[in-house]
Amino acid sequence: MPTQRVLIVDDEPDIRELLDITLSRMGLETHSAATLGDAMEIVGRLQPDLCLTDMRLPDGNGISLVEFIQQEHADIPVAMITAHGSVETAISALKAGAFDFISKPIELETLRKLVSAALQLGDDTNRIELAVDQELSGSAPAVQTLRQQISKLARSQAPVHIHGESGTGKEVVARLIHKNGPRAAGAFVAVNCGAIPPELMESELFGHIKGSFTGASQDKVGLFQAASGGTLFLDEVADLPLSMQVKLLRAIQEKAVRPVGASEELSTDIRLLSATHKNIAREVEAGRFREDLYYRINVIDVTVPSLRERLQDLPELTASILQRIAASEGKDNVKLDESALTALRQYSFPGNVRELENILERALALSDGGTITAADLRFPAASSATPSTPEPAAATAENRDVAGPSSGLPSAPGSVGTAHEVNGDLEGYLEAVEREVISAALEECRWNKTATAKLLGVSFRSLRYRLKKLGLDD
């Protein structure tokens, strides 16, 4: 392999020399430039594998170089050297397309990690695009745009905030960004911020040392440390309490965390991805989310389209989902007939792709043979779907959600509503009722478990236990 080349752009000779010595010891070929003009000329002539540039240059700034390389040589990663604590500069560089940034005074170990990660990218844009195409089904315009964004963001270290309705596949997008980037060999750690009790949140994220509080019988590694060298995905980040938002902001800015009870901070090496189904800008306006944290996690914004925006993808999506479900159950040659596809097209899918999977799994269990018809589909009573093949009366009654007089919860299904149908299996009967009620509540709350627990009038822990017991926790 030819020696990889790095262009160093800085008007301070001492900085250029320090970087030159450090990178040469890594076996890299270095070239230097003191001005923006010289840097642009060298980039065009040498096509380096990486560019390190200072922000302030005699004839311009580093952002201009980032933009130039993005337009003319998009395969070359650029890392920005910023002044200590210059958050705005770092964010501007990342938004312009910089791979990452490093602050002065430069820590050599941090520099080596950054350079190694950037050089792992190579000229693999086509490979990333192909991988994303294979794993993200659909051809709707919104999905094609999403694929392009994922392919580009996989080559960056910028914090990304993924927005979309519940069930659209925000975690799928996060995993694709991680899997196709330089941190793919590292861990992908996903955490639902709305599922952690507030009193345990700091310990979960940052860890704790033995004896730091009652019940801390041993040291615990936090999720930031568990994701070291990889990606930390904070799902439903808008559910973080304000007190925790302050500590998260510090951890992001300082790239260090302090475990509960510890006297010293531990450095962190993660890429941060986050997601929420809420409008986080409105949460900022309402005072429920810190504006400074919002700007740190929302450097790049990605929107995952709802299923309603990509109904043209239904045939491809249903075929893919059915193939996976059927394979797990040892079945083959499972398909939808036209009546079922028509019924699905008429449905609004408040739970998006996750709800589609749920509907198809249930339909496959109810269908006779390998073909699913409209009669096999079960939509909530509030559905706008009108199956083209009328369901038998018994089947319709069996799956109708009926609101209770005061609780707002769905009542038990009619199919298990009479004593003679229990057949002595009281426990099985009660589980069937509980499963139907919880499933209906999940659909009504768009699979938001925190909201579902509130709707059902139970604690989140109790709901989580019941979901696991009933096999609904996937």
# chains A, B, ... in the order shown; residues from 1 in each chain; ligands from 1
call {"tool": "select_by_dssp", "arguments": {"residues": "region 148-333 of chain A", "states": "alpha helix (DSSP H)", "output": "JSON, numbers by chain"}}
result
{"A": [148, 149, 150, 151, 152, 153, 170, 171, 172, 173, 174, 175, 176, 177, 178, 179, 198, 199, 200, 201, 202, 203, 204, 205, 206, 223, 224, 225, 226, 242, 243, 244, 245, 246, 247, 248, 249, 250, 251, 252, 253, 254, 280, 281, 282, 283, 284, 285, 291, 292, 293, 294, 295, 296, 297, 314, 315, 316, 317, 318, 319, 320, 321, 322, 323, 324, 325, 326, 327, 328]}
call {"tool": "residues_around", "arguments": {"residues": "Val189 (chain A)", "least_positions_apart": "3", "cutoff": "8 Å", "atoms": "only C-alpha atoms", "output": "PDB file with C-alpha atoms, in the first residue's frame"}}
result
ATOM      1  CA  LEU A 223     -22.947   3.851  29.182  1.00  0.00           C
ATOM      2  CA  ALA A 226     -19.305   1.213  27.601  1.00  0.00           C
ATOM      3  CA  ALA A 227     -19.554   2.986  24.229  1.00  0.00           C
ATOM      4  CA  GLY A 230     -17.962   3.412  19.333  1.00  0.00           C
ATOM      5  CA  THR A 231     -21.327   5.162  19.268  1.00  0.00           C
ATOM      6  CA  LEU A 232     -23.733   6.173  22.038  1.00  0.00           C
ATOM      7  CA  PHE A 233     -27.340   6.478  20.872  1.00  0.00           C
TER       8      PHE A 233
END
call {"tool": "closest_atom_pairs", "arguments": {"of": "region 227-307 of chain A", "to": "region 167-171 of chain A", "cutoff": "9 Å", "atoms": "only C-alpha atoms", "output": "tab-separated table"}}
result
residue	atom	partner	partner_atom	distance
A:Phe233	CA	A:Glu171	CA	8.0
A:Asp235	CA	A:Glu171	CA	7.7
A:Ala275	CA	A:Lys170	CA	6.7
A:Thr276	CA	A:Lys170	CA	8.3
A:His277	CA	A:Lys170	CA	9.0
A:Thr303	CA	A:Lys170	CA	8.6
A:Val304	CA	A:Thr168	CA	6.5
A:Pro305	CA	A:Thr168	CA	6.9
A:Ser306	CA	A:Thr168	CA	5.8
A:Leu307	CA	A:Thr168	CA	7.0
call {"tool": "select_by_dssp", "arguments": {"residues": "region 73-168 of chain A", "states": "strand (DSSP E)", "output": "number ranges by chain"}}
result
A: 78-82, 100-103, 160-163
call {"tool": "residues_around", "arguments": {"residues": "Arg324 (chain A)", "least_positions_apart": "6", "cutoff": "12 Å", "atoms": "only C-alpha atoms", "output": "PyMOL selection string"}}
result
chain A and resi 317-318+330-335+357+360-361+364
call {"tool": "write_last_selection", "arguments": {"atoms": "C-alpha atoms", "output": "JSON list (two decimals), in the first residue's frame"}}
result
[["chain", "number", "residue", "atom", "x", "y", "z"],
["A", 317, "LEU", "CA", -41.66, -3.32, 2.91],
["A", 318, "THR", "CA", -44.34, -5.94, 3.50],
["A", 330, "GLY", "CA", -39.95, -21.84, 9.77],
["A", 331, "LYS", "CA", -42.46, -20.90, 7.08],
["A", 332, "ASP", "CA", -41.92, -20.02, 3.43],
["A", 333, "ASN", "CA", -43.81, -18.72, 0.40],
["A", 334, "VAL", "CA", -45.85, -16.29, 2.51],
["A", 335, "LYS", "CA", -47.41, -13.39, 0.62],
["A", 357, "GLU", "CA", -44.63, -5.37, 11.55],
["A", 360, "LEU", "CA", -48.28, -8.55, 9.66],
["A", 361, "GLU", "CA", -47.07, -10.82, 12.45],
["A", 364, "LEU", "CA", -49.62, -14.38, 9.60]]
call {"tool": "closest_residue", "arguments": {"among": "A:Ile8, A:Val43, A:Leu456, A:Leu121", "to": "Ile81 (chain A)", "atoms": "only C-alpha atoms"}}
result
A:Ile8
call {"tool": "residues_around", "arguments": {"residues": "region 59-71 of chain A", "least_positions_apart": "2", "cutoff": "8 Å", "atoms": "only C-alpha atoms", "output": "PDB file with N, CA and C atoms, in the first residue's frame"}}
result
ATOM      1  N   THR A  35      -1.167  29.012   4.291  1.00  0.00           N
ATOM      2  CA  THR A  35      -2.268  29.881   3.871  1.00  0.00           C
ATOM      3  C   THR A  35      -3.379  29.065   3.229  1.00  0.00           C
ATOM      4  N   LEU A  36      -4.547  29.678   3.135  1.00  0.00           N
ATOM      5  CA  LEU A  36      -5.696  29.040   2.507  1.00  0.00           C
ATOM      6  C   LEU A  36      -5.428  28.781   1.032  1.00  0.00           C
ATOM      7  N   GLY A  37      -4.834  29.764   0.353  1.00  0.00           N
ATOM      8  CA  GLY A  37      -4.543  29.613  -1.072  1.00  0.00           C
ATOM      9  C   GLY A  37      -3.601  28.457  -1.352  1.00  0.00           C
ATOM     10  N   ALA A  39      -3.084  25.894   0.539  1.00  0.00           N
ATOM     11  CA  ALA A  39      -3.766  24.645   0.893  1.00  0.00           C
ATOM     12  C   ALA A  39      -4.649  24.165  -0.252  1.00  0.00           C
ATOM     13  N   MET A  40      -5.399  25.061  -0.857  1.00  0.00           N
ATOM     14  CA  MET A  40      -6.279  24.684  -1.957  1.00  0.00           C
ATOM     15  C   MET A  40      -5.474  24.150  -3.146  1.00  0.00           C
ATOM     16  N   VAL A  43      -4.183  20.611  -2.220  1.00  0.00           N
ATOM     17  CA  VAL A  43      -5.277  19.629  -2.230  1.00  0.00           C
ATOM     18  C   VAL A  43      -5.558  19.184  -3.660  1.00  0.00           C
ATOM     19  N   THR A  53      -6.645  21.333   9.439  1.00  0.00           N
ATOM     20  CA  THR A  53      -6.528  22.767   9.218  1.00  0.00           C
ATOM     21  C   THR A  53      -6.898  23.577  10.452  1.00  0.00           C
ATOM     22  N   ASP A  54      -6.137  24.650  10.651  1.00  0.00           N
ATOM     23  CA  ASP A  54      -6.464  25.592  11.710  1.00  0.00           C
ATOM     24  C   ASP A  54      -7.653  26.444  11.250  1.00  0.00           C
ATOM     25  N   MET A  55      -8.325  27.072  12.197  1.00  0.00           N
ATOM     26  CA  MET A  55      -9.457  27.917  11.846  1.00  0.00           C
ATOM     27  C   MET A  55      -8.984  29.253  11.251  1.00  0.00           C
ATOM     28  N   ARG A  56      -8.042  29.881  11.918  1.00  0.00           N
ATOM     29  CA  ARG A  56      -7.602  31.206  11.489  1.00  0.00           C
ATOM     30  C   ARG A  56      -6.381  31.097  10.582  1.00  0.00           C
ATOM     31  N   LEU A  57      -6.509  31.629   9.369  1.00  0.00           N
ATOM     32  CA  LEU A  57      -5.424  31.633   8.395  1.00  0.00           C
ATOM     33  C   LEU A  57      -5.233  33.061   7.885  1.00  0.00           C
ATOM     34  N   HIS A  73     -13.604  17.869  -3.627  1.00  0.00           N
ATOM     35  CA  HIS A  73     -12.932  16.597  -3.297  1.00  0.00           C
ATOM     36  C   HIS A  73     -13.623  15.981  -2.077  1.00  0.00           C
ATOM     37  N   ALA A  74     -14.881  15.620  -2.220  1.00  0.00           N
ATOM     38  CA  ALA A  74     -15.710  15.201  -1.080  1.00  0.00           C
ATOM     39  C   ALA A  74     -15.186  13.959  -0.367  1.00  0.00           C
ATOM     40  N   ASP A  75     -14.326  13.180  -1.032  1.00  0.00           N
ATOM     41  CA  ASP A  75     -13.816  11.956  -0.399  1.00  0.00           C
ATOM     42  C   ASP A  75     -12.689  12.236   0.598  1.00  0.00           C
ATOM     43  N   ILE A  76     -12.166  13.456   0.626  1.00  0.00           N
ATOM     44  CA  ILE A  76     -11.063  13.784   1.536  1.00  0.00           C
ATOM     45  C   ILE A  76     -11.643  14.288   2.861  1.00  0.00           C
ATOM     46  N   VAL A  78     -11.733  16.193   6.401  1.00  0.00           N
ATOM     47  CA  VAL A  78     -11.051  17.378   6.930  1.00  0.00           C
ATOM     48  C   VAL A  78     -11.334  17.459   8.423  1.00  0.00           C
ATOM     49  N   MET A  80     -10.836  19.972  11.828  1.00  0.00           N
ATOM     50  CA  MET A  80     -10.581  21.363  12.169  1.00  0.00           C
ATOM     51  C   MET A  80      -9.846  21.470  13.503  1.00  0.00           C
ATOM     52  N   SER A  92     -19.731  24.999  13.698  1.00  0.00           N
ATOM     53  CA  SER A  92     -19.735  25.537  12.332  1.00  0.00           C
ATOM     54  C   SER A  92     -18.937  24.646  11.392  1.00  0.00           C
ATOM     55  N   ALA A  93     -17.800  24.147  11.871  1.00  0.00           N
ATOM     56  CA  ALA A  93     -16.953  23.281  11.044  1.00  0.00           C
ATOM     57  C   ALA A  93     -17.672  21.972  10.722  1.00  0.00           C
ATOM     58  N   ALA A  96     -20.373  22.439   8.218  1.00  0.00           N
ATOM     59  CA  ALA A  96     -19.832  22.669   6.876  1.00  0.00           C
ATOM     60  C   ALA A  96     -19.349  21.375   6.232  1.00  0.00           C
ATOM     61  N   GLY A  97     -19.207  20.314   7.055  1.00  0.00           N
ATOM     62  CA  GLY A  97     -18.802  19.024   6.490  1.00  0.00           C
ATOM     63  C   GLY A  97     -17.502  18.468   7.029  1.00  0.00           C
ATOM     64  N   ALA A  98     -16.932  19.102   8.081  1.00  0.00           N
ATOM     65  CA  ALA A  98     -15.700  18.588   8.668  1.00  0.00           C
ATOM     66  C   ALA A  98     -15.945  17.202   9.263  1.00  0.00           C
TER      67      ALA A  98
END
call {"tool": "closest_residue", "arguments": {"among": "A:Ala440, A:Cys445, A:Leu470, A:Leu136", "to": "Gln148 (chain A)", "atoms": "only C-alpha atoms"}}
result
A:Leu136
call {"tool": "closest_residue", "arguments": {"among": "A:Val132, A:Leu266, A:Leu336, A:Val221", "to": "Leu314 (chain A)", "atoms": "only C-alpha atoms"}}
result
A:Leu336
call {"tool": "closest_residue", "arguments": {"among": "A:Ala343, A:Ala154, A:Val115, A:Val172", "to": "Ala184 (chain A)", "atoms": "only C-alpha atoms"}}
result
A:Ala154
call {"tool": "atom_distance", "arguments": {"atom1": "CA of Asp20 (chain A)", "atom2": "CA of Arg5 (chain A)"}}
result
11.2 Å
call {"tool": "residues_around", "arguments": {"residues": "Ser243 (chain A)", "least_positions_apart": "4", "cutoff": "10 Å", "atoms": "only C-alpha atoms", "output": "ChimeraX atom specification"}}
result
/A:198,202,247-248,290
call {"tool": "write_last_selection", "arguments": {"atoms": "C-alpha atoms", "output": "short mmCIF file (atom, residue, chain, number, x, y, z; two decimals), in the first residue's frame"}}
result
data_model
loop_
_atom_site.label_atom_id
_atom_site.label_comp_id
_atom_site.auth_asym_id
_atom_site.auth_seq_id
_atom_site.Cartn_x
_atom_site.Cartn_y
_atom_site.Cartn_z
CA PRO A 198 -34.56 9.83 37.10
CA GLU A 202 -26.65 9.71 36.29
CA LYS A 247 -24.56 17.10 33.16
CA LEU A 248 -24.95 15.66 29.68
CA ARG A 290 -31.89 23.39 27.30
#
call {"tool": "residues_around", "arguments": {"residues": "Arg127 (chain A)", "least_positions_apart": "3", "cutoff": "12 Å", "atoms": "only C-alpha atoms", "output": "JSON, numbers by chain"}}
result
{"A": [121, 122, 123, 124, 130, 131, 132, 133, 134, 151, 152, 154, 155, 180, 181]}
call {"tool": "atom_distance", "arguments": {"atom1": "CA of Ala441 (chain A)", "atom2": "CA of Val353 (chain A)"}}
result
17.3 Å
call {"tool": "closest_residue", "arguments": {"among": "A:Val257, A:Val160, A:Ala319, A:Ala326", "to": "Tyr295 (chain A)", "atoms": "only C-alpha atoms"}}
result
A:Val160
call {"tool": "atom_distance", "arguments": {"atom1": "CA of Thr3 (chain A)", "atom2": "CA of Gly27 (chain A)"}}
result
7.4 Å
call {"tool": "closest_residue", "arguments": {"among": "A:Ser263, A:Ala79, A:Glu283, A:Lys469", "to": "Glu434 (chain A)", "atoms": "only C-alpha atoms"}}
result
A:Lys469
